[in-house]
Amino acid sequence: MDFAMFEKIANNSCSEEGVVARFYDRAVKTGEVGANGLPKFRLACFCEIRIKDNNSEVYDQPATAEKIRRFPVEYARYQLGKKQVVEGTPLEQFAFLNRAEVETLKVHGIFTVEALNEMPEDKAVQLGIADERHLAQKFLQQAKNNLSLKQWQQKEEQYLDRIKYLEEQVAELKKQKGAAADEKKSNRRKK
């Protein structure tokens with residue numbers, strides 16, 4: 001599991017004392033303009049650095065190799081978050097968690113509802129996130145039920161489309177039968 005990899009990195013590395021770093025993606029202009037006349041953007045990795053007891057100084061710059069070497073735990077957390085979000089539901093989309101709970105989970109290397117669900121129960125209890133894990137399990141179970149319902153709805157729509165098609169065919173056949181009957185009557189009158 002990715003969480004184990006994150007935990008290993010976090011235990012083997014130490015960040016600088018009194019310094020907090022955060023890697024994140026920021027949309028930056030490319031300098032190009034799209035066909036619609038609007039500017040184009042791309043995601044770029046940035047590093048925000050804060051110094052303890054100094055709220056006024058925040059260094060927010062594009063991430064460099066030096067910053068990645070300087071803050072390996074934070075960069076590993078960023079990379080793990082990107083990987084998990086590609087494969088799962090971001091915690092921000094999980095309505096049962098507030099912003100503080102989301103950030104707490106991210107500190108533990110958990111960025112998606114699926115990763116929270118997969119965490120072993122004893123580890124969740126140890127980290128104090130057993131309730132959040134339980135909510136994630138319920139949420140994903142409900143999502144599975146929604147998938148079944150969606151599949152059933154799609155099948156019902158297919159049946160309704162088939163019924164409509166067959167009704168149109170029956171109406172066409174009745175129309176042809178009526179036309180044939182009218183022609184037969186017309187031929188009888190002519191004789």
# chains A, B, ... in the order shown; residues from 1 in each chain; ligands from 1
>>> residues_around(residues="Thr104 of chain A", least_positions_apart="2", cutoff="12 Å", atoms="only C-alpha atoms", output="JSON, numbers by chain")
{"A": [91, 97, 98, 99, 100, 101, 102, 106, 107, 108, 109, 110, 111, 116, 127, 128, 129, 132]}
>>> select_by_dssp(residues="segment 44-160 of chain A", states="alpha helix (DSSP H)", output="ChimeraX atom specification")
/A:65-70,72-87,99-107,113-118,121-127,130-160
>>> write_last_selection(atoms="C-alpha atoms", output="mmCIF file, in the first residue's frame")
data_model
loop_
_atom_site.group_PDB
_atom_site.id
_atom_site.type_symbol
_atom_site.label_atom_id
_atom_site.label_comp_id
_atom_site.auth_asym_id
_atom_site.auth_seq_id
_atom_site.Cartn_x
_atom_site.Cartn_y
_atom_site.Cartn_z
ATOM 1 C CA ALA A 65 15.576 20.045 -7.409
ATOM 2 C CA GLU A 66 17.203 21.786 -4.423
ATOM 3 C CA LYS A 67 13.831 22.239 -2.670
ATOM 4 C CA ILE A 68 12.925 18.600 -3.372
ATOM 5 C CA ARG A 69 16.218 17.444 -1.781
ATOM 6 C CA ARG A 70 15.725 19.838 1.134
ATOM 7 C CA PRO A 72 11.947 14.990 0.819
ATOM 8 C CA VAL A 73 9.079 14.066 3.174
ATOM 9 C CA GLU A 74 6.904 16.898 1.960
ATOM 10 C CA TYR A 75 7.711 16.092 -1.669
ATOM 11 C CA ALA A 76 6.913 12.404 -1.084
ATOM 12 C CA ARG A 77 3.561 13.470 0.386
ATOM 13 C CA TYR A 78 2.904 15.627 -2.698
ATOM 14 C CA GLN A 79 3.802 12.768 -5.088
ATOM 15 C CA LEU A 80 1.695 10.276 -3.145
ATOM 16 C CA GLY A 81 -1.238 12.680 -3.215
ATOM 17 C CA LYS A 82 -0.978 13.097 -6.987
ATOM 18 C CA LYS A 83 -0.834 9.333 -7.507
ATOM 19 C CA GLN A 84 -3.778 8.596 -5.211
ATOM 20 C CA VAL A 85 -5.979 11.338 -6.655
ATOM 21 C CA VAL A 86 -5.480 9.984 -10.178
ATOM 22 C CA GLU A 87 -6.678 6.579 -8.955
ATOM 23 C CA ARG A 99 -11.204 21.010 5.929
ATOM 24 C CA ALA A 100 -9.252 20.308 9.140
ATOM 25 C CA GLU A 101 -9.971 16.570 8.911
ATOM 26 C CA VAL A 102 -8.907 16.528 5.255
ATOM 27 C CA GLU A 103 -5.601 18.235 6.097
ATOM 28 C CA THR A 104 -5.021 15.847 9.027
ATOM 29 C CA LEU A 105 -5.477 12.862 6.727
ATOM 30 C CA LYS A 106 -3.107 14.370 4.165
ATOM 31 C CA VAL A 107 -0.426 14.738 6.838
ATOM 32 C CA VAL A 113 -11.503 8.116 0.082
ATOM 33 C CA GLU A 114 -10.302 4.774 -1.310
ATOM 34 C CA ALA A 115 -6.934 5.038 0.494
ATOM 35 C CA LEU A 116 -8.741 5.840 3.739
ATOM 36 C CA ASN A 117 -11.013 2.830 3.230
ATOM 37 C CA GLU A 118 -8.064 0.481 2.560
ATOM 38 C CA GLU A 121 -8.388 -0.887 11.152
ATOM 39 C CA ASP A 122 -5.658 -1.088 13.798
ATOM 40 C CA LYS A 123 -3.638 1.608 12.006
ATOM 41 C CA ALA A 124 -6.721 3.846 11.735
ATOM 42 C CA VAL A 125 -7.341 3.462 15.475
ATOM 43 C CA GLN A 126 -3.682 4.216 16.204
ATOM 44 C CA LEU A 127 -3.838 7.417 14.117
ATOM 45 C CA ALA A 130 -11.184 5.189 12.815
ATOM 46 C CA ASP A 131 -14.436 7.189 12.523
ATOM 47 C CA GLU A 132 -13.304 8.735 9.229
ATOM 48 C CA ARG A 133 -12.337 5.272 7.943
ATOM 49 C CA HIS A 134 -15.784 3.946 8.877
ATOM 50 C CA LEU A 135 -17.446 6.828 6.994
ATOM 51 C CA ALA A 136 -15.299 6.086 3.939
ATOM 52 C CA GLN A 137 -16.338 2.429 4.035
ATOM 53 C CA LYS A 138 -20.027 3.373 4.188
ATOM 54 C CA PHE A 139 -19.580 5.938 1.402
ATOM 55 C CA LEU A 140 -17.883 3.440 -0.928
ATOM 56 C CA GLN A 141 -20.469 0.750 -0.174
ATOM 57 C CA GLN A 142 -23.212 3.211 -1.048
ATOM 58 C CA ALA A 143 -21.338 4.135 -4.227
ATOM 59 C CA LYS A 144 -21.312 0.441 -5.218
ATOM 60 C CA ASN A 145 -25.067 0.365 -4.671
ATOM 61 C CA ASN A 146 -25.393 3.482 -6.833
ATOM 62 C CA LEU A 147 -23.425 1.722 -9.568
ATOM 63 C CA SER A 148 -25.865 -1.202 -9.492
ATOM 64 C CA LEU A 149 -28.760 1.233 -9.640
ATOM 65 C CA LYS A 150 -27.150 3.072 -12.567
ATOM 66 C CA GLN A 151 -26.625 -0.197 -14.437
ATOM 67 C CA TRP A 152 -30.258 -1.151 -13.789
ATOM 68 C CA GLN A 153 -31.401 2.272 -15.049
ATOM 69 C CA GLN A 154 -29.331 1.873 -18.216
ATOM 70 C CA LYS A 155 -30.828 -1.561 -18.834
ATOM 71 C CA GLU A 156 -34.338 -0.169 -18.250
ATOM 72 C CA GLU A 157 -33.637 2.638 -20.748
ATOM 73 C CA GLN A 158 -32.540 0.022 -23.291
ATOM 74 C CA TYR A 159 -35.785 -1.904 -22.721
ATOM 75 C CA LEU A 160 -37.852 1.282 -23.069
#
>>> atom_distance(atom1="atom CA of Leu43 of chain A", atom2="atom CA of Ala63 of chain A")
12.0 Å
>>> atom_distance(atom1="atom CA of Ile49 of chain A", atom2="atom CA of Glu92 of chain A")
22.8 Å
>>> atom_distance(atom1="atom CA of Asn54 of chain A", atom2="atom CA of Arg22 of chain A")
16.1 Å
>>> select_by_dssp(residues="chain A", states="strand (DSSP E or B)", output="JSON, numbers by chain")
{"A": [19, 20, 21, 22, 23, 24, 25, 26, 27, 28, 29, 30, 31, 32, 33, 39, 40, 41, 42, 43, 44, 45, 46, 47, 48, 49, 50, 51, 54, 55, 56, 57, 58, 59, 60, 61, 62, 90, 112]}
>>> residues_around(residues="Gln61 of chain A", least_positions_apart="6", cutoff="8 Å", atoms="only C-alpha atoms", output="JSON, numbers by chain")
{"A": [46, 47, 48]}
>>> closest_residue(among="A:Leu173, A:Val33, A:Cys45, A:Ile51", to="Glu17 of chain A", atoms="only C-alpha atoms")
A:Ile51
